[in-house]
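**Student:** To be precise about what I am sending: the file is called protein_39.cif and holds mmCIF, C-alpha atoms.
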data_my_file
#
loop_
_atom_site.group_PDB
_atom_site.id
_atom_site.type_symbol
_atom_site.label_atom_id
_atom_site.label_comp_id
_atom_site.auth_asym_id
_atom_site.auth_seq_id
_atom_site.Cartn_x
_atom_site.Cartn_y
_atom_site.Cartn_z
ATOM 1 C CA MET A 1 25.321 30.590 -82.343
ATOM 2 C CA LYS A 2 28.706 30.113 -80.704
ATOM 3 C CA THR A 3 30.026 26.581 -80.819
ATOM 4 C CA ALA A 4 33.191 24.955 -79.545
ATOM 5 C CA VAL A 5 35.247 21.964 -80.649
ATOM 6 C CA ILE A 6 37.452 20.346 -78.017
ATOM 7 C CA VAL A 7 40.973 19.467 -79.170
ATOM 8 C CA PHE A 8 43.046 16.809 -77.421
ATOM 9 C CA PRO A 9 46.560 15.746 -78.329
ATOM 10 C CA GLY A 10 45.789 13.042 -80.912
ATOM 11 C CA SER A 11 42.402 14.392 -82.054
ATOM 12 C CA ASN A 12 42.209 14.183 -85.832
ATOM 13 C CA CYS A 13 38.578 14.955 -86.715
ATOM 14 C CA ASP A 14 38.450 18.290 -84.907
ATOM 15 C CA ARG A 15 38.767 20.325 -88.093
ATOM 16 C CA ASP A 16 36.155 18.203 -89.914
ATOM 17 C CA LEU A 17 33.739 18.931 -87.086
ATOM 18 C CA ALA A 18 34.673 22.613 -87.180
ATOM 19 C CA VAL A 19 33.895 22.754 -90.919
ATOM 20 C CA ALA A 20 30.521 21.073 -90.371
ATOM 21 C CA LEU A 21 29.623 23.508 -87.584
ATOM 22 C CA ARG A 22 30.787 26.515 -89.582
ATOM 23 C CA GLU A 23 28.760 25.352 -92.594
ATOM 24 C CA VAL A 24 25.506 25.189 -90.671
ATOM 25 C CA THR A 25 25.972 28.040 -88.192
ATOM 26 C CA GLY A 26 27.869 30.472 -90.417
ATOM 27 C CA THR A 27 30.202 31.142 -87.503
ATOM 28 C CA GLU A 28 33.702 29.845 -86.895
ATOM 29 C CA PRO A 29 33.695 27.492 -83.872
ATOM 30 C CA ALA A 30 36.116 28.094 -81.018
ATOM 31 C CA MET A 31 38.808 25.413 -80.912
ATOM 32 C CA VAL A 32 39.366 24.660 -77.241
ATOM 33 C CA TRP A 33 42.598 22.966 -76.154
ATOM 34 C CA HIS A 34 42.360 20.141 -73.596
ATOM 35 C CA GLY A 35 44.324 22.084 -70.975
ATOM 36 C CA GLU A 36 41.728 24.861 -70.737
ATOM 37 C CA THR A 37 39.744 24.871 -67.532
ATOM 38 C CA ASP A 38 36.774 26.829 -68.899
ATOM 39 C CA LEU A 39 34.693 26.867 -72.043
ATOM 40 C CA PRO A 40 34.520 30.174 -73.939
ATOM 41 C CA GLU A 41 31.791 32.516 -72.710
ATOM 42 C CA GLY A 42 28.405 32.010 -74.357
ATOM 43 C CA VAL A 43 29.069 28.670 -76.049
ATOM 44 C CA GLY A 44 25.779 26.962 -76.905
ATOM 45 C CA LEU A 45 27.070 23.673 -78.287
ATOM 46 C CA VAL A 46 30.210 21.625 -77.665
ATOM 47 C CA ALA A 47 31.562 18.953 -80.000
ATOM 48 C CA VAL A 48 34.058 16.322 -78.868
ATOM 49 C CA PRO A 49 35.873 15.038 -81.948
ATOM 50 C CA GLY A 50 37.173 11.743 -83.239
ATOM 51 C CA GLY A 51 40.782 10.714 -83.240
ATOM 52 C CA PHE A 52 43.168 8.983 -80.902
ATOM 53 C CA SER A 53 43.315 11.287 -77.904
ATOM 54 C CA TYR A 54 46.424 10.631 -75.802
ATOM 55 C CA GLY A 55 47.291 7.774 -78.151
ATOM 56 C CA ASP A 56 44.394 5.701 -76.792
ATOM 57 C CA TYR A 57 46.619 4.992 -73.774
ATOM 58 C CA LEU A 58 45.021 2.999 -70.948
ATOM 59 C CA ARG A 59 41.620 2.820 -72.728
ATOM 60 C CA SER A 60 40.260 4.830 -75.647
ATOM 61 C CA GLY A 61 39.098 8.168 -74.279
ATOM 62 C CA ALA A 62 40.151 7.386 -70.698
ATOM 63 C CA ILE A 63 42.850 10.024 -70.291
ATOM 64 C CA ALA A 64 40.967 12.660 -72.293
ATOM 65 C CA ALA A 65 37.940 12.174 -70.051
ATOM 66 C CA ARG A 66 40.071 13.277 -67.066
ATOM 67 C CA SER A 67 41.575 16.327 -68.796
ATOM 68 C CA PRO A 68 40.909 19.811 -67.389
ATOM 69 C CA VAL A 69 38.581 20.887 -70.208
ATOM 70 C CA MET A 70 36.378 17.832 -69.756
ATOM 71 C CA ARG A 71 35.563 18.925 -66.205
ATOM 72 C CA ALA A 72 34.088 22.064 -67.737
ATOM 73 C CA VAL A 73 32.270 20.031 -70.413
ATOM 74 C CA VAL A 74 30.778 17.652 -67.825
ATOM 75 C CA GLU A 75 29.723 20.561 -65.645
ATOM 76 C CA GLY A 76 28.108 22.268 -68.649
ATOM 77 C CA ALA A 77 26.412 19.068 -69.827
ATOM 78 C CA ASN A 78 24.946 18.515 -66.376
ATOM 79 C CA LYS A 79 23.407 21.985 -66.633
ATOM 80 C CA GLY A 80 21.894 21.220 -70.039
ATOM 81 C CA LEU A 81 24.628 22.363 -72.448
ATOM 82 C CA PRO A 82 24.277 20.352 -75.702
ATOM 83 C CA VAL A 83 27.296 18.098 -76.258
ATOM 84 C CA LEU A 84 27.967 15.971 -79.337
ATOM 85 C CA GLY A 85 30.682 13.300 -79.191
ATOM 86 C CA VAL A 86 31.726 11.546 -82.373
ATOM 87 C CA CYS A 87 33.851 8.370 -82.470
ATOM 88 C CA ASN A 88 36.670 8.997 -79.972
ATOM 89 C CA GLY A 89 34.363 11.725 -78.652
ATOM 90 C CA PHE A 90 31.746 9.047 -77.838
ATOM 91 C CA GLN A 91 34.444 7.043 -76.037
ATOM 92 C CA VAL A 92 35.441 10.160 -74.096
ATOM 93 C CA LEU A 93 31.809 10.851 -73.085
ATOM 94 C CA THR A 94 31.317 7.289 -71.776
ATOM 95 C CA GLU A 95 34.629 7.443 -69.894
ATOM 96 C CA ALA A 96 33.588 10.804 -68.445
ATOM 97 C CA GLY A 97 30.365 9.250 -67.182
ATOM 98 C CA LEU A 98 28.075 11.413 -69.325
ATOM 99 C CA LEU A 99 26.800 8.341 -71.177
ATOM 100 C CA PRO A 100 26.396 4.787 -69.846
ATOM 101 C CA GLY A 101 28.283 1.703 -70.995
ATOM 102 C CA ALA A 102 31.688 1.325 -72.609
ATOM 103 C CA LEU A 103 33.202 1.001 -76.073
ATOM 104 C CA MET A 104 35.404 -2.044 -76.376
ATOM 105 C CA ARG A 105 37.689 -3.496 -79.044
ATOM 106 C CA ASN A 106 35.700 -4.422 -82.193
ATOM 107 C CA ALA A 107 34.495 -8.008 -81.955
ATOM 108 C CA GLY A 108 36.308 -8.926 -85.175
ATOM 109 C CA LEU A 109 39.491 -7.213 -83.879
ATOM 110 C CA ASN A 110 39.873 -5.293 -87.160
ATOM 111 C CA PHE A 111 39.861 -1.543 -87.523
ATOM 112 C CA VAL A 112 36.615 -0.925 -89.434
ATOM 113 C CA CYS A 113 36.721 1.930 -91.938
ATOM 114 C CA ARG A 114 33.804 2.058 -94.360
ATOM 115 C CA ASP A 115 30.336 3.440 -95.007
ATOM 116 C CA VAL A 116 27.676 1.743 -92.921
ATOM 117 C CA PRO A 117 23.882 1.847 -92.951
ATOM 118 C CA LEU A 118 22.613 3.645 -89.894
ATOM 119 C CA VAL A 119 19.010 3.400 -88.769
ATOM 120 C CA VAL A 120 17.512 6.373 -86.954
ATOM 121 C CA ASP A 121 15.938 4.778 -83.890
ATOM 122 C CA ASN A 122 14.686 7.903 -82.158
ATOM 123 C CA ALA A 123 13.923 10.964 -84.287
ATOM 124 C CA GLN A 124 12.537 12.919 -81.328
ATOM 125 C CA THR A 125 15.920 14.112 -80.047
ATOM 126 C CA SER A 126 17.431 17.512 -80.785
ATOM 127 C CA PHE A 127 20.204 15.658 -82.625
ATOM 128 C CA THR A 128 17.908 13.653 -84.888
ATOM 129 C CA ALA A 129 14.995 16.048 -85.424
ATOM 130 C CA ARG A 130 15.668 16.343 -89.167
ATOM 131 C CA TYR A 131 15.492 12.574 -89.681
ATOM 132 C CA GLU A 132 12.523 10.243 -89.827
ATOM 133 C CA ALA A 133 12.238 7.441 -87.269
ATOM 134 C CA GLY A 134 13.233 4.195 -88.983
ATOM 135 C CA GLU A 135 15.035 6.010 -91.789
ATOM 136 C CA THR A 136 18.298 4.446 -92.963
ATOM 137 C CA ILE A 137 21.158 6.809 -93.719
ATOM 138 C CA ARG A 138 24.717 6.083 -94.839
ATOM 139 C CA VAL A 139 27.588 7.488 -92.826
ATOM 140 C CA PRO A 140 31.174 6.248 -92.513
ATOM 141 C CA VAL A 141 32.742 4.647 -89.469
ATOM 142 C CA ALA A 142 36.479 4.533 -88.776
ATOM 143 C CA HIS A 143 37.283 2.912 -85.457
ATOM 144 C CA HIS A 144 38.969 0.069 -83.631
ATOM 145 C CA ASP A 145 37.059 0.356 -80.367
ATOM 146 C CA GLY A 146 33.401 0.763 -81.282
ATOM 147 C CA ASN A 147 31.951 -2.375 -79.761
ATOM 148 C CA TYR A 148 29.301 -0.966 -77.427
ATOM 149 C CA PHE A 149 28.855 -2.812 -74.167
ATOM 150 C CA ALA A 150 26.422 -2.390 -71.306
ATOM 151 C CA ASP A 151 24.770 -5.004 -69.102
ATOM 152 C CA ALA A 152 21.387 -6.378 -70.191
ATOM 153 C CA GLU A 153 19.501 -4.397 -67.558
ATOM 154 C CA THR A 154 21.073 -1.121 -68.727
ATOM 155 C CA LEU A 155 20.381 -1.973 -72.377
ATOM 156 C CA ASP A 156 16.711 -2.693 -71.597
ATOM 157 C CA ARG A 157 16.440 0.599 -69.748
ATOM 158 C CA LEU A 158 18.134 2.572 -72.541
ATOM 159 C CA GLU A 159 15.831 1.049 -75.145
ATOM 160 C CA GLY A 160 12.778 1.553 -72.940
ATOM 161 C CA GLU A 161 13.618 5.228 -72.484
ATOM 162 C CA GLY A 162 14.231 5.835 -76.195
ATOM 163 C CA ARG A 163 17.868 6.602 -75.553
ATOM 164 C CA VAL A 164 19.147 4.756 -78.632
ATOM 165 C CA ALA A 165 19.427 7.438 -81.308
ATOM 166 C CA PHE A 166 21.123 5.333 -83.996
ATOM 167 C CA ARG A 167 21.606 1.634 -84.655
ATOM 168 C CA TYR A 168 23.790 -0.036 -87.240
ATOM 169 C CA GLY A 169 21.729 -1.582 -90.029
ATOM 170 C CA GLU A 170 24.129 -4.545 -90.012
ATOM 171 C CA ASP A 171 26.718 -6.006 -87.656
ATOM 172 C CA VAL A 172 29.660 -3.601 -87.826
ATOM 173 C CA ASN A 173 31.703 -4.174 -84.678
ATOM 174 C CA GLY A 174 29.779 -6.494 -82.369
ATOM 175 C CA SER A 175 27.955 -3.689 -80.537
ATOM 176 C CA ALA A 176 25.257 -4.790 -78.128
ATOM 177 C CA ARG A 177 21.889 -4.551 -79.924
ATOM 178 C CA ASN A 178 23.706 -2.808 -82.789
ATOM 179 C CA ILE A 179 23.820 0.433 -80.820
ATOM 180 C CA ALA A 180 25.713 3.131 -82.747
ATOM 181 C CA GLY A 181 24.604 6.288 -80.935
ATOM 182 C CA LEU A 182 23.090 7.105 -77.551
ATOM 183 C CA ILE A 183 21.663 10.131 -75.792
ATOM 184 C CA ASN A 184 21.759 10.873 -72.075
ATOM 185 C CA ALA A 185 18.641 10.910 -69.915
ATOM 186 C CA ALA A 186 18.148 14.669 -70.296
ATOM 187 C CA GLY A 187 18.575 14.445 -74.078
ATOM 188 C CA ASN A 188 21.304 17.108 -74.361
ATOM 189 C CA VAL A 189 24.251 14.733 -74.892
ATOM 190 C CA LEU A 190 24.705 12.449 -77.913
ATOM 191 C CA GLY A 191 27.590 10.070 -78.452
ATOM 192 C CA MET A 192 27.928 8.149 -81.708
ATOM 193 C CA MET A 193 30.667 6.109 -83.364
ATOM 194 C CA PRO A 194 29.845 6.976 -87.034
ATOM 195 C CA HIS A 195 31.055 10.273 -88.476
ATOM 196 C CA PRO A 196 28.204 12.584 -89.596
ATOM 197 C CA GLU A 197 30.751 15.381 -90.182
ATOM 198 C CA ARG A 198 32.195 13.338 -93.036
ATOM 199 C CA ARG A 199 28.920 13.495 -94.985
ATOM 200 C CA ILE A 200 27.904 17.129 -95.110
ATOM 201 C CA GLU A 201 28.435 18.104 -98.746
ATOM 202 C CA GLY A 202 28.098 16.387 -102.110
ATOM 203 C CA ALA A 203 31.839 16.076 -102.615
ATOM 204 C CA HIS A 204 31.913 13.785 -99.558
ATOM 205 C CA GLY A 205 29.828 11.252 -101.465
ATOM 206 C CA GLY A 206 26.641 12.082 -99.618
ATOM 207 C CA THR A 207 25.025 14.586 -97.274
ATOM 208 C CA ASP A 208 23.280 12.266 -94.812
ATOM 209 C CA GLY A 209 25.259 13.680 -91.894
ATOM 210 C CA ARG A 210 24.399 17.298 -92.573
ATOM 211 C CA ARG A 211 20.871 17.106 -91.199
ATOM 212 C CA LEU A 212 22.208 16.140 -87.788
ATOM 213 C CA PHE A 213 24.044 19.465 -87.542
ATOM 214 C CA GLU A 214 21.204 21.455 -89.112
ATOM 215 C CA GLY A 215 18.607 19.946 -86.798
ATOM 216 C CA LEU A 216 20.815 20.364 -83.774
ATOM 217 C CA VAL A 217 21.635 23.993 -84.478
ATOM 218 C CA GLU A 218 17.969 24.713 -85.105
ATOM 219 C CA ALA A 219 16.944 22.930 -81.899
ATOM 220 C CA VAL A 220 19.466 24.566 -79.607
ATOM 221 C CA GLY A 221 20.342 27.786 -81.397
ATOM 222 C CA ALA A 222 17.103 29.686 -80.964
ATOM 223 C CA MET B 1 56.039 1.047 -51.297
ATOM 224 C CA LYS B 2 55.271 -0.883 -54.449
ATOM 225 C CA VAL B 3 51.705 -1.769 -55.318
ATOM 226 C CA ARG B 4 50.495 -4.038 -58.062
ATOM 227 C CA ILE B 5 47.058 -3.491 -59.531
ATOM 228 C CA PHE B 6 45.531 -6.155 -61.727
ATOM 229 C CA VAL B 7 42.718 -5.086 -64.031
ATOM 230 C CA THR B 8 40.708 -7.848 -65.673
ATOM 231 C CA LEU B 9 37.540 -8.002 -67.737
ATOM 232 C CA LYS B 10 34.446 -8.921 -65.777
ATOM 233 C CA PRO B 11 33.135 -12.450 -66.288
ATOM 234 C CA GLY B 12 30.694 -12.492 -69.174
ATOM 235 C CA VAL B 13 32.311 -9.558 -70.995
ATOM 236 C CA LEU B 14 33.533 -10.789 -74.369
ATOM 237 C CA ASP B 15 37.295 -10.561 -74.806
ATOM 238 C CA PRO B 16 38.132 -10.649 -78.517
ATOM 239 C CA GLN B 17 41.822 -10.066 -77.765
ATOM 240 C CA GLY B 18 41.926 -13.021 -75.395
ATOM 241 C CA ARG B 19 40.192 -15.105 -78.033
ATOM 242 C CA ALA B 20 42.772 -14.152 -80.679
ATOM 243 C CA ILE B 21 45.618 -14.992 -78.279
ATOM 244 C CA HIS B 22 43.905 -18.300 -77.556
ATOM 245 C CA HIS B 23 43.801 -19.099 -81.274
ATOM 246 C CA ALA B 24 47.456 -18.093 -81.677
ATOM 247 C CA LEU B 25 48.497 -20.434 -78.847
ATOM 248 C CA GLY B 26 46.588 -23.203 -80.605
ATOM 249 C CA SER B 27 48.309 -22.509 -83.897
ATOM 250 C CA LEU B 28 51.697 -22.685 -82.137
ATOM 251 C CA GLY B 29 50.811 -26.231 -81.194
ATOM 252 C CA PHE B 30 50.044 -25.710 -77.486
ATOM 253 C CA GLU B 31 47.264 -28.124 -76.636
ATOM 254 C CA GLY B 32 44.817 -28.088 -73.791
ATOM 255 C CA VAL B 33 44.431 -24.310 -73.553
ATOM 256 C CA ASP B 34 40.769 -23.909 -72.627
ATOM 257 C CA ASP B 35 40.478 -20.131 -72.460
ATOM 258 C CA VAL B 36 42.518 -16.908 -72.440
ATOM 259 C CA ARG B 37 41.456 -13.614 -70.890
ATOM 260 C CA ALA B 38 43.719 -10.612 -71.410
ATOM 261 C CA GLY B 39 44.136 -8.007 -68.680
ATOM 262 C CA LYS B 40 46.446 -5.286 -67.440
ATOM 263 C CA LEU B 41 49.002 -5.059 -64.660
ATOM 264 C CA PHE B 42 50.069 -1.731 -63.156
ATOM 265 C CA GLU B 43 53.116 -1.487 -60.927
ATOM 266 C CA ILE B 44 52.885 1.710 -58.910
ATOM 267 C CA GLU B 45 55.311 3.258 -56.471
ATOM 268 C CA VAL B 46 53.405 5.056 -53.751
ATOM 269 C CA ALA B 47 54.184 6.672 -50.413
ATOM 270 C CA ASP B 48 54.042 4.245 -47.491
ATOM 271 C CA THR B 49 51.252 6.337 -46.035
ATOM 272 C CA THR B 50 48.946 5.668 -49.013
ATOM 273 C CA THR B 51 45.662 4.303 -47.712
ATOM 274 C CA ASP B 52 43.514 1.503 -49.107
ATOM 275 C CA GLU B 53 40.869 4.097 -49.856
ATOM 276 C CA GLN B 54 43.317 6.098 -51.963
ATOM 277 C CA LEU B 55 44.383 3.007 -53.907
ATOM 278 C CA ASP B 56 40.754 2.072 -54.396
ATOM 279 C CA GLY B 57 40.054 5.587 -55.653
ATOM 280 C CA MET B 58 42.875 5.332 -58.201
ATOM 281 C CA CYS B 59 41.330 2.144 -59.554
ATOM 282 C CA ARG B 60 37.767 3.411 -59.635
ATOM 283 C CA GLN B 61 38.529 6.833 -61.071
ATOM 284 C CA LEU B 62 41.110 5.876 -63.674
ATOM 285 C CA LEU B 63 42.877 2.533 -63.803
ATOM 286 C CA ALA B 64 39.774 0.395 -64.285
ATOM 287 C CA ASN B 65 36.539 1.067 -66.113
ATOM 288 C CA THR B 66 34.175 -0.586 -63.674
ATOM 289 C CA VAL B 67 31.493 -0.959 -66.349
ATOM 290 C CA ILE B 68 33.570 -3.727 -67.916
ATOM 291 C CA GLU B 69 36.519 -4.388 -65.607
ATOM 292 C CA ASN B 70 37.315 -5.678 -62.130
ATOM 293 C CA TYR B 71 40.482 -4.796 -60.242
ATOM 294 C CA ARG B 72 42.585 -6.324 -57.512
ATOM 295 C CA ILE B 73 45.119 -4.425 -55.412
ATOM 296 C CA GLU B 74 48.224 -6.168 -54.097
ATOM 297 C CA ARG B 75 50.622 -4.388 -51.727
ATOM 298 C CA LEU B 76 54.170 -5.732 -52.032
#
For the structure just supplied, provide its representation as structure tokens.
**Tutor:**
Amino acid sequence: MKTAVIVFPGSNCDRDLAVALREVTGTEPAMVWHGETDLPEGVGLVAVPGGFSYGDYLRSGAIAARSPVMRAVVEGANKGLPVLGVCNGFQVLTEAGLLPGALMRNAGLNFVCRDVPLVVDNAQTSFTARYEAGETIRVPVAHHDGNYFADAETLDRLEGEGRVAFRYGEDVNGSARNIAGLINAAGNVLGMMPHPERRIEGAHGGTDGRRLFEGLVEAVGA
Amino acid sequence: MKVRIFVTLKPGVLDPQGRAIHHALGSLGFEGVDDVRAGKLFEIEVADTTTDEQLDGMCRQLLANTVIENYRIERL
């Protein structure tokens, strides 16, 4: 399956995501620069990487969300193209309006960089199909702005619709209801602050992130 | 024409930066500071023909994230 990784000025997890995608698909992903106006022909999965796109100017992800390539990503996502946003990628997807809510400065103000327990809240999504509901995995986070915010009504709706894919197993950054990862209403877009691409082979200290990519590729690659 | 746009967090949205600034003011010995909310100020030079709708669009589409922020436009 053809995959693509979006690259913004300031992205720094783009190559980690590319390695993860290559590992599970056996094909080199296309690296797509932010100034492109179209996605490569035939792409079946787009990943928006972590990092500090545009230096986090204005708000994390705000400028990236208005870049030319994101218009193509939003258009694709609205037609059902699977899109995975990790860390800064999650911030970009909320700023682009593909996912509700916002990611604010961590409640404790510190940059948090460590392994965290992550509970799989909904295992029925194409992103979480290889996990068990309620299972706790360990994946690292590395962010300053991961404090998920949405109003109470939105949070109730998201929970009611099974849109919370992952929750932190402990308070990591002050996120509302410990939300760590969300899907859109159609289920083809996932944004998450933790980094599954940093846990795909034993040398990483664990492989808990690998199943996300394997399940996703299986779900969408047929 | 110069326009000032103030972007502030909505009431009820936690502001950890404002809280840290509040604590720092306290540790400098300033008493009686009840609360601090941090925000942003944009000073923008625009054509005199720029409409209110255009300024509003700039705020909604980029300068403010209306999930968490309010904005106020001031023409100078």
**Student:** If you apply the PyMOL selection byres ((chain B and resi 38) around 12) to this file, what residues do you get, as a list in words?
**Tutor:**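 Checking the PyMOL selection byres ((chain B and resi 38) around 12) against this file, the residues are Phe6, Val7, Thr8, Leu9, Lys10, Pro11, Val13, Leu14, Asp15, Pro16, Gln17, Gly18, Arg19, Ala20, Ile21, His22, Asp35, Val36, Arg37, Gly39, Lys40, Leu41 and Glu69 of chain B.
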**Student:** Taking only C-alpha atoms into account, which of B:Met1, B:Ala47, B:Ile73, B:Leu25 comes nearest Cys59 in chain B?
**Tutor:**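 Going through B:Met1, B:Ala47, B:Ile73, B:Leu25 one by one, the smallest distance to Cys59 in chain B is for B:Ile73.
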**Student:** Identify all chain A residues at most 10 Å from chain B by counting only C-alpha atoms; ligands do not count. Present them as a PDB file with C-alpha atoms, in the coordinates of the input.
**Tutor:**
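Output below, filename result.pdb:
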ATOM      1  CA  LEU A  58      45.021   2.999 -70.948  1.00  0.00           C
ATOM      2  CA  ARG A  59      41.620   2.820 -72.728  1.00  0.00           C
ATOM      3  CA  ALA A  62      40.151   7.386 -70.698  1.00  0.00           C
ATOM      4  CA  ILE A  63      42.850  10.024 -70.291  1.00  0.00           C
ATOM      5  CA  ALA A  65      37.940  12.174 -70.051  1.00  0.00           C
ATOM      6  CA  ARG A  66      40.071  13.277 -67.066  1.00  0.00           C
ATOM      7  CA  THR A  94      31.317   7.289 -71.776  1.00  0.00           C
ATOM      8  CA  GLU A  95      34.629   7.443 -69.894  1.00  0.00           C
ATOM      9  CA  ALA A  96      33.588  10.804 -68.445  1.00  0.00           C
ATOM     10  CA  PRO A 100      26.396   4.787 -69.846  1.00  0.00           C
ATOM     11  CA  GLY A 101      28.283   1.703 -70.995  1.00  0.00           C
ATOM     12  CA  ALA A 102      31.688   1.325 -72.609  1.00  0.00           C
ATOM     13  CA  LEU A 103      33.202   1.001 -76.073  1.00  0.00           C
ATOM     14  CA  MET A 104      35.404  -2.044 -76.376  1.00  0.00           C
ATOM     15  CA  ARG A 105      37.689  -3.496 -79.044  1.00  0.00           C
ATOM     16  CA  ASN A 106      35.700  -4.422 -82.193  1.00  0.00           C
ATOM     17  CA  ALA A 107      34.495  -8.008 -81.955  1.00  0.00           C
ATOM     18  CA  GLY A 108      36.308  -8.926 -85.175  1.00  0.00           C
ATOM     19  CA  LEU A 109      39.491  -7.213 -83.879  1.00  0.00           C
ATOM     20  CA  PHE A 149      28.855  -2.812 -74.167  1.00  0.00           C
ATOM     21  CA  ALA A 150      26.422  -2.390 -71.306  1.00  0.00           C
ATOM     22  CA  ASP A 151      24.770  -5.004 -69.102  1.00  0.00           C
ATOM     23  CA  GLY A 174      29.779  -6.494 -82.369  1.00  0.00           C
TER      24      GLY A 174
END
**Student:** Between B:Glu74, B:Asp56, B:Glu45, B:Glu31, which residue has the minimum interatomic distance to Lys2 in chain B, considering only C-alpha atoms?
**Tutor:** B:Glu45
**Student:** Could you give me, as a list of chain:residue names, the residues within 12 Å of Gly215 in chain A, counting all atoms listed in the file and dropping anything in the same chain fewer than 3 positions from it?
**Tutor:** A:Leu21, A:Val24, A:Thr25, A:Ala123, A:Gln124, A:Thr125, A:Ser126, A:Phe127, A:Thr128, A:Ala129, A:Arg130, A:Tyr131, A:Glu132, A:Gly209, A:Arg210, A:Arg211, A:Leu212, A:Glu218, A:Ala219, A:Val220, A:Gly221, A:Ala222
**Student:** Would you put the residues from that selection into a file with C-alpha atoms, as a PDB file, in the frame of the given file?
**Tutor:**
ATOM      1  CA  LEU A  21      29.623  23.508 -87.584  1.00  0.00           C
ATOM      2  CA  VAL A  24      25.506  25.189 -90.671  1.00  0.00           C
ATOM      3  CA  THR A  25      25.972  28.040 -88.192  1.00  0.00           C
ATOM      4  CA  ALA A 123      13.923  10.964 -84.287  1.00  0.00           C
ATOM      5  CA  GLN A 124      12.537  12.919 -81.328  1.00  0.00           C
ATOM      6  CA  THR A 125      15.920  14.112 -80.047  1.00  0.00           C
ATOM      7  CA  SER A 126      17.431  17.512 -80.785  1.00  0.00           C
ATOM      8  CA  PHE A 127      20.204  15.658 -82.625  1.00  0.00           C
ATOM      9  CA  THR A 128      17.908  13.653 -84.888  1.00  0.00           C
ATOM     10  CA  ALA A 129      14.995  16.048 -85.424  1.00  0.00           C
ATOM     11  CA  ARG A 130      15.668  16.343 -89.167  1.00  0.00           C
ATOM     12  CA  TYR A 131      15.492  12.574 -89.681  1.00  0.00           C
ATOM     13  CA  GLU A 132      12.523  10.243 -89.827  1.00  0.00           C
ATOM     14  CA  GLY A 209      25.259  13.680 -91.894  1.00  0.00           C
ATOM     15  CA  ARG A 210      24.399  17.298 -92.573  1.00  0.00           C
ATOM     16  CA  ARG A 211      20.871  17.106 -91.199  1.00  0.00           C
ATOM     17  CA  LEU A 212      22.208  16.140 -87.788  1.00  0.00           C
ATOM     18  CA  GLU A 218      17.969  24.713 -85.105  1.00  0.00           C
ATOM     19  CA  ALA A 219      16.944  22.930 -81.899  1.00  0.00           C
ATOM     20  CA  VAL A 220      19.466  24.566 -79.607  1.00  0.00           C
ATOM     21  CA  GLY A 221      20.342  27.786 -81.397  1.00  0.00           C
ATOM     22  CA  ALA A 222      17.103  29.686 -80.964  1.00  0.00           C
TER      23      ALA A 222
END
**Student:** With only C-alpha atoms as the basis for distance, which of A:Gly134, A:His195, A:Arg177, A:Leu190 is at the shortest distance from Cys13 in chain A?
**Tutor:** A:His195
**Student:** Just the number, please: distance in Å from CA of Tyr71 in chain B to CA of Thr51 in chain B, one decimal.
**Tutor:** 16.3 Å
**Student:** Have a look at CA of Phe90 in chain A and CA of Gly191 in chain A and let me know their distance in Å, one decimal.
**Tutor:**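 Computed distance, CA of Phe90 in chain A to CA of Gly191 in chain A, equals 4.3 Å.
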**Student:** I would like the residues chosen by the PyMOL selection byres ((chain A and resi 1) around 8) on the shown file; could you give them as a ChimeraX atom specification?
**Tutor:** /A:2-3,25,27,43-44,217,221
**Student:** Enumerate, as number ranges by chain, the residues matched when the PyMOL selection byres ((chain A and resi 76) around 12) is run on the file above.
**Tutor:** A: 37-46, 69-75, 77-83, 98, 188-189
**Student:** For Ile183 in chain A, which of A:Leu99, A:Met31, A:Ile137, A:Val19 is the closest residue, counting only C-alpha atoms?
**Tutor:**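 Ranked by minimum distance to Ile183 in chain A, first place goes to A:Leu99.
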**Student:** Any idea what the distance is between CA of Val164 in chain A and CA of Asp115 in chain A?
**Tutor:**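 Interatomic distance here is 19.9 Å.
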**Student:** Which residue, A:Gln91, A:Ser53, A:Thr207, A:Asn110, has the smallest gap to Ser67 in chain A when you use all atoms listed in the file?
**Tutor:** A:Ser53
**Student:** Restricting the calculation to only C-alpha atoms, which member of A:Ala4, A:Ala64, A:Ala186, A:Ala180 is positioned closest to Arg22 in chain A?
**Tutor:**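 Ranked by minimum distance to Arg22 in chain A, first place goes to A:Ala4.
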